$ cat work21.txt   # compact mmCIF, all heavy atoms
# COMPACT_ATOMS: atom_id res chain seq x y z
N MET A 276 158.64 -1.45 -136.45
CA MET A 276 158.15 -1.92 -135.17
C MET A 276 156.65 -2.18 -135.31
O MET A 276 155.92 -1.39 -135.89
CB MET A 276 158.42 -0.88 -134.10
CG MET A 276 157.98 -1.32 -132.74
SD MET A 276 158.21 -0.11 -131.40
CE MET A 276 159.95 0.20 -131.48
N THR A 277 156.20 -3.27 -134.77
CA THR A 277 154.78 -3.62 -134.81
C THR A 277 154.03 -2.84 -133.76
O THR A 277 154.47 -2.75 -132.62
CB THR A 277 154.60 -5.14 -134.55
OG1 THR A 277 155.38 -5.85 -135.51
CG2 THR A 277 153.15 -5.53 -134.65
N HIS A 278 152.91 -2.27 -134.16
CA HIS A 278 152.10 -1.50 -133.22
C HIS A 278 150.99 -2.40 -132.69
O HIS A 278 150.24 -2.99 -133.44
CB HIS A 278 151.49 -0.29 -133.92
CG HIS A 278 150.72 0.59 -132.99
ND1 HIS A 278 149.61 0.17 -132.32
CD2 HIS A 278 150.91 1.86 -132.60
CE1 HIS A 278 149.14 1.15 -131.57
NE2 HIS A 278 149.91 2.19 -131.73
N THR A 279 150.91 -2.53 -131.39
CA THR A 279 149.86 -3.30 -130.74
C THR A 279 148.96 -2.32 -130.02
O THR A 279 149.39 -1.66 -129.07
CB THR A 279 150.48 -4.30 -129.73
OG1 THR A 279 151.47 -5.06 -130.41
CG2 THR A 279 149.42 -5.23 -129.18
N PRO A 280 147.68 -2.19 -130.45
CA PRO A 280 146.81 -1.15 -129.92
C PRO A 280 146.59 -1.18 -128.41
O PRO A 280 146.39 -0.14 -127.80
CB PRO A 280 145.49 -1.34 -130.65
CG PRO A 280 145.68 -2.44 -131.61
CD PRO A 280 147.04 -3.01 -131.44
N HIS A 281 146.62 -2.33 -127.78
CA HIS A 281 146.33 -2.41 -126.35
C HIS A 281 147.57 -2.23 -125.48
O HIS A 281 147.48 -2.26 -124.26
CB HIS A 281 145.63 -3.74 -126.02
CG HIS A 281 146.49 -4.93 -126.26
ND1 HIS A 281 146.68 -5.46 -127.50
CD2 HIS A 281 147.23 -5.69 -125.43
CE1 HIS A 281 147.47 -6.51 -127.43
NE2 HIS A 281 147.83 -6.66 -126.18
N VAL A 282 148.72 -2.01 -126.09
CA VAL A 282 149.96 -1.82 -125.33
C VAL A 282 150.37 -0.34 -125.44
O VAL A 282 150.45 0.20 -126.53
CB VAL A 282 151.09 -2.71 -125.88
CG1 VAL A 282 152.40 -2.39 -125.20
CG2 VAL A 282 150.74 -4.17 -125.71
N ARG A 283 150.60 0.29 -124.31
CA ARG A 283 151.05 1.68 -124.30
C ARG A 283 152.56 1.70 -124.22
O ARG A 283 153.16 1.20 -123.27
CB ARG A 283 150.45 2.42 -123.12
CG ARG A 283 150.86 3.86 -123.08
CD ARG A 283 150.16 4.58 -121.98
NE ARG A 283 150.60 5.97 -121.97
CZ ARG A 283 150.25 6.83 -121.06
NH1 ARG A 283 149.44 6.45 -120.09
NH2 ARG A 283 150.69 8.05 -121.11
N ARG A 284 153.18 2.26 -125.23
CA ARG A 284 154.64 2.36 -125.25
C ARG A 284 155.05 3.68 -124.62
O ARG A 284 154.47 4.72 -124.91
CB ARG A 284 155.16 2.28 -126.68
CG ARG A 284 154.80 0.95 -127.33
CD ARG A 284 155.28 0.86 -128.76
NE ARG A 284 154.72 1.95 -129.55
CZ ARG A 284 155.23 2.36 -130.70
NH1 ARG A 284 156.29 1.80 -131.20
NH2 ARG A 284 154.66 3.35 -131.37
N THR A 285 156.03 3.62 -123.74
CA THR A 285 156.50 4.80 -123.02
C THR A 285 158.02 4.88 -123.11
O THR A 285 158.70 3.87 -122.99
CB THR A 285 156.08 4.75 -121.54
OG1 THR A 285 154.67 4.62 -121.46
CG2 THR A 285 156.52 5.99 -120.80
N ALA A 286 158.51 6.09 -123.31
CA ALA A 286 159.95 6.33 -123.31
C ALA A 286 160.27 7.39 -122.27
O ALA A 286 159.49 8.32 -122.07
CB ALA A 286 160.40 6.81 -124.69
N VAL A 287 161.40 7.26 -121.62
CA VAL A 287 161.89 8.26 -120.68
C VAL A 287 163.12 8.89 -121.31
O VAL A 287 164.06 8.19 -121.67
CB VAL A 287 162.24 7.62 -119.31
CG1 VAL A 287 162.84 8.66 -118.39
CG2 VAL A 287 161.00 7.00 -118.70
N VAL A 288 163.09 10.22 -121.46
CA VAL A 288 164.20 10.93 -122.07
C VAL A 288 164.82 11.85 -121.03
O VAL A 288 164.15 12.76 -120.52
CB VAL A 288 163.74 11.75 -123.30
CG1 VAL A 288 164.91 12.46 -123.93
CG2 VAL A 288 163.04 10.85 -124.32
N THR A 289 166.07 11.59 -120.69
CA THR A 289 166.78 12.47 -119.75
C THR A 289 167.54 13.52 -120.56
O THR A 289 167.92 13.29 -121.70
CB THR A 289 167.76 11.67 -118.88
OG1 THR A 289 168.71 11.02 -119.71
CG2 THR A 289 167.01 10.64 -118.04
N GLY A 290 167.76 14.67 -119.95
CA GLY A 290 168.41 15.76 -120.66
C GLY A 290 167.52 16.30 -121.77
O GLY A 290 167.98 16.70 -122.83
N ALA A 291 166.22 16.31 -121.52
CA ALA A 291 165.24 16.61 -122.56
C ALA A 291 164.89 18.09 -122.69
O ALA A 291 164.03 18.45 -123.48
CB ALA A 291 163.96 15.81 -122.30
N ALA A 292 165.55 18.96 -121.95
CA ALA A 292 165.20 20.38 -121.99
C ALA A 292 165.67 21.07 -123.26
O ALA A 292 165.11 22.08 -123.67
CB ALA A 292 165.77 21.12 -120.78
N ARG A 293 166.68 20.51 -123.92
CA ARG A 293 167.20 21.19 -125.11
C ARG A 293 168.02 20.21 -125.94
O ARG A 293 168.31 19.10 -125.52
CB ARG A 293 168.06 22.39 -124.72
CG ARG A 293 169.26 22.04 -123.90
CD ARG A 293 169.98 23.28 -123.37
NE ARG A 293 171.05 22.92 -122.47
CZ ARG A 293 170.90 22.57 -121.20
NH1 ARG A 293 169.70 22.52 -120.68
NH2 ARG A 293 171.93 22.27 -120.46
N GLY A 294 168.39 20.65 -127.12
CA GLY A 294 169.30 19.90 -127.99
C GLY A 294 168.77 18.54 -128.40
O GLY A 294 167.60 18.38 -128.73
N ILE A 295 169.68 17.57 -128.37
CA ILE A 295 169.35 16.22 -128.83
C ILE A 295 168.24 15.61 -127.99
O ILE A 295 167.33 14.95 -128.52
CB ILE A 295 170.60 15.32 -128.82
CG1 ILE A 295 171.60 15.81 -129.86
CG2 ILE A 295 170.24 13.87 -129.06
CD1 ILE A 295 172.96 15.15 -129.80
N GLY A 296 168.26 15.81 -126.68
CA GLY A 296 167.22 15.25 -125.82
C GLY A 296 165.84 15.75 -126.18
O GLY A 296 164.89 14.98 -126.25
N ALA A 297 165.71 17.05 -126.44
CA ALA A 297 164.41 17.62 -126.83
C ALA A 297 163.98 17.07 -128.19
O ALA A 297 162.81 16.76 -128.40
CB ALA A 297 164.50 19.14 -126.87
N ALA A 298 164.94 16.93 -129.11
CA ALA A 298 164.61 16.40 -130.44
C ALA A 298 164.15 14.94 -130.35
O ALA A 298 163.19 14.55 -131.02
CB ALA A 298 165.82 16.51 -131.36
N VAL A 299 164.82 14.17 -129.53
CA VAL A 299 164.44 12.76 -129.35
C VAL A 299 163.04 12.66 -128.74
O VAL A 299 162.21 11.87 -129.19
CB VAL A 299 165.48 12.02 -128.48
CG1 VAL A 299 164.97 10.66 -128.04
CG2 VAL A 299 166.79 11.88 -129.24
N ALA A 300 162.77 13.48 -127.73
CA ALA A 300 161.44 13.46 -127.10
C ALA A 300 160.35 13.80 -128.11
O ALA A 300 159.31 13.14 -128.17
CB ALA A 300 161.40 14.44 -125.93
N GLY A 301 160.60 14.82 -128.94
CA GLY A 301 159.62 15.19 -129.96
C GLY A 301 159.41 14.10 -130.99
O GLY A 301 158.29 13.82 -131.41
N ARG A 302 160.48 13.46 -131.41
CA ARG A 302 160.39 12.38 -132.40
C ARG A 302 159.62 11.19 -131.85
O ARG A 302 158.76 10.62 -132.51
CB ARG A 302 161.79 11.96 -132.84
CG ARG A 302 161.84 10.75 -133.72
CD ARG A 302 161.07 10.99 -135.02
NE ARG A 302 160.88 9.78 -135.78
CZ ARG A 302 161.67 9.39 -136.77
NH1 ARG A 302 162.69 10.14 -137.13
NH2 ARG A 302 161.42 8.27 -137.39
N LEU A 303 159.93 10.81 -130.61
CA LEU A 303 159.23 9.68 -130.01
C LEU A 303 157.74 9.97 -129.85
O LEU A 303 156.90 9.11 -130.08
CB LEU A 303 159.86 9.32 -128.66
CG LEU A 303 161.28 8.75 -128.74
CD1 LEU A 303 161.88 8.68 -127.34
CD2 LEU A 303 161.28 7.40 -129.41
N ALA A 304 157.41 11.19 -129.46
CA ALA A 304 156.01 11.58 -129.33
C ALA A 304 155.32 11.52 -130.68
O ALA A 304 154.19 11.05 -130.80
CB ALA A 304 155.90 12.98 -128.75
N GLY A 305 156.00 11.98 -131.72
CA GLY A 305 155.45 11.92 -133.06
C GLY A 305 155.22 10.50 -133.53
O GLY A 305 154.34 10.24 -134.35
N ASP A 306 155.99 9.56 -132.99
CA ASP A 306 155.82 8.14 -133.31
C ASP A 306 154.76 7.48 -132.44
O ASP A 306 154.56 6.27 -132.53
CB ASP A 306 157.15 7.40 -133.16
CG ASP A 306 158.14 7.73 -134.26
OD1 ASP A 306 157.72 8.31 -135.28
OD2 ASP A 306 159.33 7.41 -134.11
N GLY A 307 154.13 8.26 -131.57
CA GLY A 307 153.02 7.74 -130.77
C GLY A 307 153.36 7.23 -129.39
O GLY A 307 152.51 6.66 -128.71
N LEU A 308 154.59 7.42 -128.95
CA LEU A 308 154.95 6.97 -127.61
C LEU A 308 154.59 8.03 -126.58
O LEU A 308 154.66 9.22 -126.87
CB LEU A 308 156.45 6.70 -127.51
CG LEU A 308 156.95 5.35 -128.02
CD1 LEU A 308 156.95 5.32 -129.52
CD2 LEU A 308 158.32 5.07 -127.47
N ALA A 309 154.23 7.59 -125.38
CA ALA A 309 154.14 8.51 -124.25
C ALA A 309 155.57 8.81 -123.85
O ALA A 309 156.43 7.94 -123.90
CB ALA A 309 153.39 7.86 -123.09
N VAL A 310 155.85 10.06 -123.50
CA VAL A 310 157.23 10.45 -123.21
C VAL A 310 157.34 11.03 -121.80
O VAL A 310 156.58 11.93 -121.44
CB VAL A 310 157.73 11.49 -124.24
CG1 VAL A 310 159.15 11.91 -123.92
CG2 VAL A 310 157.64 10.93 -125.65
N GLY A 311 158.26 10.49 -121.03
CA GLY A 311 158.62 11.06 -119.74
C GLY A 311 159.77 12.02 -119.97
O GLY A 311 160.83 11.60 -120.42
N VAL A 312 159.56 13.29 -119.71
CA VAL A 312 160.55 14.33 -119.97
C VAL A 312 161.27 14.65 -118.66
O VAL A 312 160.67 15.15 -117.72
CB VAL A 312 159.87 15.60 -120.55
CG1 VAL A 312 160.86 16.71 -120.75
CG2 VAL A 312 159.16 15.26 -121.86
N ILE A 313 162.58 14.36 -118.62
CA ILE A 313 163.37 14.53 -117.40
C ILE A 313 164.49 15.54 -117.65
O ILE A 313 165.26 15.38 -118.60
CB ILE A 313 164.01 13.18 -116.96
CG1 ILE A 313 162.98 12.06 -116.91
CG2 ILE A 313 164.77 13.35 -115.66
CD1 ILE A 313 161.92 12.23 -115.88
N ASP A 314 164.56 16.57 -116.82
CA ASP A 314 165.66 17.54 -116.88
C ASP A 314 165.52 18.48 -115.70
O ASP A 314 164.41 18.87 -115.35
CB ASP A 314 165.61 18.33 -118.19
CG ASP A 314 166.94 18.98 -118.50
OD1 ASP A 314 167.30 19.95 -117.79
OD2 ASP A 314 167.62 18.53 -119.43
N PRO A 315 166.64 18.88 -115.06
CA PRO A 315 166.55 19.81 -113.94
C PRO A 315 166.19 21.24 -114.37
O PRO A 315 165.76 22.04 -113.54
CB PRO A 315 167.94 19.76 -113.31
CG PRO A 315 168.84 19.24 -114.36
CD PRO A 315 167.99 18.38 -115.25
N ASP A 316 166.34 21.58 -115.65
CA ASP A 316 166.00 22.91 -116.17
C ASP A 316 164.48 23.00 -116.33
O ASP A 316 163.92 22.52 -117.31
CB ASP A 316 166.71 23.13 -117.51
CG ASP A 316 166.33 24.44 -118.18
OD1 ASP A 316 165.50 25.20 -117.65
OD2 ASP A 316 166.87 24.70 -119.28
N GLU A 317 163.82 23.61 -115.35
CA GLU A 317 162.35 23.64 -115.34
C GLU A 317 161.76 24.35 -116.54
O GLU A 317 160.77 23.90 -117.11
CB GLU A 317 161.85 24.28 -114.05
CG GLU A 317 162.13 23.44 -112.82
CD GLU A 317 161.60 24.08 -111.55
OE1 GLU A 317 160.64 24.85 -111.62
OE2 GLU A 317 162.17 23.79 -110.48
N VAL A 318 162.35 25.46 -116.95
CA VAL A 318 161.81 26.22 -118.09
C VAL A 318 161.99 25.43 -119.38
O VAL A 318 161.06 25.29 -120.17
CB VAL A 318 162.49 27.61 -118.19
CG1 VAL A 318 162.08 28.33 -119.45
CG2 VAL A 318 162.18 28.44 -116.96
N GLY A 319 163.18 24.89 -119.59
CA GLY A 319 163.43 24.08 -120.78
C GLY A 319 162.57 22.84 -120.82
O GLY A 319 162.07 22.44 -121.86
N ARG A 320 162.40 22.22 -119.65
CA ARG A 320 161.55 21.03 -119.56
C ARG A 320 160.12 21.37 -119.94
O ARG A 320 159.48 20.64 -120.69
CB ARG A 320 161.62 20.45 -118.13
CG ARG A 320 160.89 19.14 -117.99
CD ARG A 320 161.06 18.54 -116.61
NE ARG A 320 160.51 19.42 -115.57
CZ ARG A 320 161.17 19.84 -114.51
NH1 ARG A 320 162.42 19.48 -114.32
NH2 ARG A 320 160.59 20.62 -113.62
N ALA A 321 159.61 22.49 -119.46
CA ALA A 321 158.24 22.91 -119.80
C ALA A 321 158.10 23.17 -121.30
O ALA A 321 157.08 22.81 -121.90
CB ALA A 321 157.86 24.17 -119.01
N ASP A 322 159.13 23.75 -121.91
CA ASP A 322 159.10 23.97 -123.36
C ASP A 322 159.05 22.64 -124.12
O ASP A 322 158.31 22.49 -125.09
CB ASP A 322 160.32 24.76 -123.81
CG ASP A 322 160.31 26.20 -123.34
OD1 ASP A 322 159.22 26.70 -122.93
OD2 ASP A 322 161.38 26.83 -123.37
N THR A 323 159.82 21.67 -123.66
CA THR A 323 159.82 20.35 -124.31
C THR A 323 158.49 19.65 -124.12
O THR A 323 157.96 19.05 -125.05
CB THR A 323 160.98 19.48 -123.77
OG1 THR A 323 162.21 20.15 -124.02
CG2 THR A 323 160.99 18.12 -124.43
N VAL A 324 157.92 19.75 -122.93
CA VAL A 324 156.60 19.15 -122.68
C VAL A 324 155.57 19.75 -123.63
O VAL A 324 154.75 19.02 -124.23
CB VAL A 324 156.17 19.32 -121.20
CG1 VAL A 324 154.70 19.00 -121.01
CG2 VAL A 324 157.03 18.46 -120.30
N GLU A 325 155.61 21.05 -123.82
CA GLU A 325 154.68 21.70 -124.75
C GLU A 325 154.89 21.19 -126.17
O GLU A 325 153.93 20.90 -126.88
CB GLU A 325 154.88 23.21 -124.70
CG GLU A 325 153.90 23.97 -125.58
CD GLU A 325 154.09 25.47 -125.48
OE1 GLU A 325 154.51 25.97 -124.42
OE2 GLU A 325 153.82 26.13 -126.49
N ALA A 326 156.14 21.06 -126.60
CA ALA A 326 156.44 20.58 -127.95
C ALA A 326 155.98 19.13 -128.13
O ALA A 326 155.45 18.76 -129.18
CB ALA A 326 157.93 20.70 -128.23
N VAL A 327 156.20 18.30 -127.10
CA VAL A 327 155.78 16.89 -127.16
C VAL A 327 154.26 16.82 -127.27
O VAL A 327 153.72 16.04 -128.06
CB VAL A 327 156.29 16.12 -125.91
CG1 VAL A 327 155.59 14.79 -125.76
CG2 VAL A 327 157.79 15.95 -125.99
N THR A 328 153.56 17.64 -126.52
CA THR A 328 152.10 17.66 -126.57
C THR A 328 151.62 18.09 -127.95
O THR A 328 150.69 17.49 -128.50
CB THR A 328 151.55 18.59 -125.48
OG1 THR A 328 152.04 18.15 -124.21
CG2 THR A 328 150.04 18.58 -125.44
N ARG A 329 152.26 19.10 -128.53
CA ARG A 329 151.91 19.54 -129.88
C ARG A 329 152.15 18.45 -130.91
O ARG A 329 151.44 18.35 -131.91
CB ARG A 329 152.71 20.78 -130.27
CG ARG A 329 152.13 22.07 -129.78
CD ARG A 329 152.75 23.27 -130.50
NE ARG A 329 154.18 23.20 -130.62
CZ ARG A 329 155.06 23.74 -129.79
NH1 ARG A 329 154.65 24.44 -128.75
NH2 ARG A 329 156.37 23.61 -130.00
N ALA A 330 153.16 17.62 -130.69
CA ALA A 330 153.48 16.54 -131.62
C ALA A 330 152.49 15.39 -131.51
O ALA A 330 152.54 14.45 -132.28
CB ALA A 330 154.90 16.03 -131.37
N GLY A 331 151.59 15.47 -130.53
CA GLY A 331 150.55 14.46 -130.40
C GLY A 331 150.84 13.38 -129.38
O GLY A 331 150.06 12.45 -129.23
N GLY A 332 151.93 13.49 -128.67
CA GLY A 332 152.26 12.46 -127.70
C GLY A 332 151.83 12.83 -126.31
O GLY A 332 151.91 13.99 -125.92
N PRO A 333 151.36 11.85 -125.56
CA PRO A 333 151.06 12.12 -124.15
C PRO A 333 152.37 12.26 -123.38
O PRO A 333 153.39 11.71 -123.77
CB PRO A 333 150.29 10.87 -123.71
CG PRO A 333 150.67 9.82 -124.67
CD PRO A 333 151.04 10.50 -125.95
N VAL A 334 152.33 13.02 -122.32
CA VAL A 334 153.51 13.21 -121.48
C VAL A 334 153.24 12.58 -120.13
O VAL A 334 152.21 12.83 -119.51
CB VAL A 334 153.81 14.72 -121.32
CG1 VAL A 334 155.00 14.92 -120.40
CG2 VAL A 334 154.05 15.36 -122.68
N ASP A 335 154.17 11.75 -119.68
CA ASP A 335 154.06 11.13 -118.35
C ASP A 335 154.97 11.83 -117.39
O ASP A 335 155.99 12.33 -117.71
CB ASP A 335 154.46 9.65 -118.41
CG ASP A 335 153.38 8.79 -119.04
OD1 ASP A 335 152.22 9.21 -119.06
OD2 ASP A 335 153.73 7.71 -119.52

$ encode --input "work21.txt" --output "structure tokens"
Amino acid sequence: MTHTPHVRRTAVVTGAARGIGAAVAGRLAGDGLAVGVIDPDEVGRADTVEAVTRAGGPVD
């Protein structure tokens, strides 16, 4: 994928509190995308947000 510096890429991941959703959110953040973390599990969602932030991705 071509990276264009002036374009902000954003992904929305549903079911992101655990499992595949959390892994996808972390991977996308590691690839430089801003990630919207969506899940009704507040504790799991907070854990994923922390992991995404550690991976270097902004969280929307």

$ axis_aligned_box --input "work21.txt" --around "stretch 314-332 of chain A" --padding-each-side "4 Å" --output "AutoDock Vina command-line options"
--center_x 159.4 --center_y 20.4 --center_z -121.4 --size_x 26.8 --size_y 24.0 --size_z 29.8

$ select_by_dssp --input "work21.txt" --residues "chain A" --states "strand (DSSP E)" --output "ChimeraX atom specification"
/A:285-289,309-313

$ closest_atom_pairs --input "work21.txt" --of "stretch 282-302 of chain A" --to "stretch 313-334 of chain A" --cutoff "6 Å" --atoms "only C-alpha atoms" --output "Markdown table"
| residue | atom | partner | partner_atom | distance |
| --- | --- | --- | --- | --- |
| A:Val288 | CA | A:Ile313 | CA | 6.0 |
| A:Thr289 | CA | A:Ile313 | CA | 4.6 |
| A:Gly290 | CA | A:Asp314 | CA | 5.0 |
| A:Ala291 | CA | A:Asp314 | CA | 5.8 |
| A:Ala292 | CA | A:Gly319 | CA | 4.3 |
| A:Ala297 | CA | A:Thr323 | CA | 5.9 |
| A:Gly301 | CA | A:Val327 | CA | 5.0 |

$ write_last_selection --input "work21.txt" --atoms "all heavy atoms" --output "mmCIF file, in the coordinates of the input"
data_model
loop_
_atom_site.group_PDB
_atom_site.id
_atom_site.type_symbol
_atom_site.label_atom_id
_atom_site.label_comp_id
_atom_site.auth_asym_id
_atom_site.auth_seq_id
_atom_site.Cartn_x
_atom_site.Cartn_y
_atom_site.Cartn_z
ATOM 1 N N VAL A 288 163.090 10.220 -121.460
ATOM 2 C CA VAL A 288 164.200 10.930 -122.070
ATOM 3 C C VAL A 288 164.820 11.850 -121.030
ATOM 4 O O VAL A 288 164.150 12.760 -120.520
ATOM 5 C CB VAL A 288 163.740 11.750 -123.300
ATOM 6 C CG1 VAL A 288 164.910 12.460 -123.930
ATOM 7 C CG2 VAL A 288 163.040 10.850 -124.320
ATOM 8 N N THR A 289 166.070 11.590 -120.690
ATOM 9 C CA THR A 289 166.780 12.470 -119.750
ATOM 10 C C THR A 289 167.540 13.520 -120.560
ATOM 11 O O THR A 289 167.920 13.290 -121.700
ATOM 12 C CB THR A 289 167.760 11.670 -118.880
ATOM 13 O OG1 THR A 289 168.710 11.020 -119.710
ATOM 14 C CG2 THR A 289 167.010 10.640 -118.040
ATOM 15 N N GLY A 290 167.760 14.670 -119.950
ATOM 16 C CA GLY A 290 168.410 15.760 -120.660
ATOM 17 C C GLY A 290 167.520 16.300 -121.770
ATOM 18 O O GLY A 290 167.980 16.700 -122.830
ATOM 19 N N ALA A 291 166.220 16.310 -121.520
ATOM 20 C CA ALA A 291 165.240 16.610 -122.560
ATOM 21 C C ALA A 291 164.890 18.090 -122.690
ATOM 22 O O ALA A 291 164.030 18.450 -123.480
ATOM 23 C CB ALA A 291 163.960 15.810 -122.300
ATOM 24 N N ALA A 292 165.550 18.960 -121.950
ATOM 25 C CA ALA A 292 165.200 20.380 -121.990
ATOM 26 C C ALA A 292 165.670 21.070 -123.260
ATOM 27 O O ALA A 292 165.110 22.080 -123.670
ATOM 28 C CB ALA A 292 165.770 21.120 -120.780
ATOM 29 N N ALA A 297 165.710 17.050 -126.440
ATOM 30 C CA ALA A 297 164.410 17.620 -126.830
ATOM 31 C C ALA A 297 163.980 17.070 -128.190
ATOM 32 O O ALA A 297 162.810 16.760 -128.400
ATOM 33 C CB ALA A 297 164.500 19.140 -126.870
ATOM 34 N N GLY A 301 160.600 14.820 -128.940
ATOM 35 C CA GLY A 301 159.620 15.190 -129.960
ATOM 36 C C GLY A 301 159.410 14.100 -130.990
ATOM 37 O O GLY A 301 158.290 13.820 -131.410
#

$ select_by_dssp --input "work21.txt" --residues "chain A" --states "helix (DSSP H, G or I)" --output "PyMOL selection string"
chain A and resi 294-305+317-329

$ residues_around --input "work21.txt" --residues "A:Val310" --least-positions-apart "6" --cutoff "6 Å" --atoms "only C-alpha atoms" --output "list of chain:residue names"
A:Thr285, A:Ala286, A:Val287, A:Val334, A:Asp335

$ atom_distance --input "work21.txt" --atom1 "atom CZ of A:Arg284" --atom2 "atom N of A:Ala300"
13.8 Å

$ atom_distance --input "work21.txt" --atom1 "atom O of A:Arg283" --atom2 "atom CA of A:Ile295"
22.8 Å

$ atom_distance --input "work21.txt" --atom1 "atom C of A:Gly307" --atom2 "atom CB of A:Val282"
10.8 Å
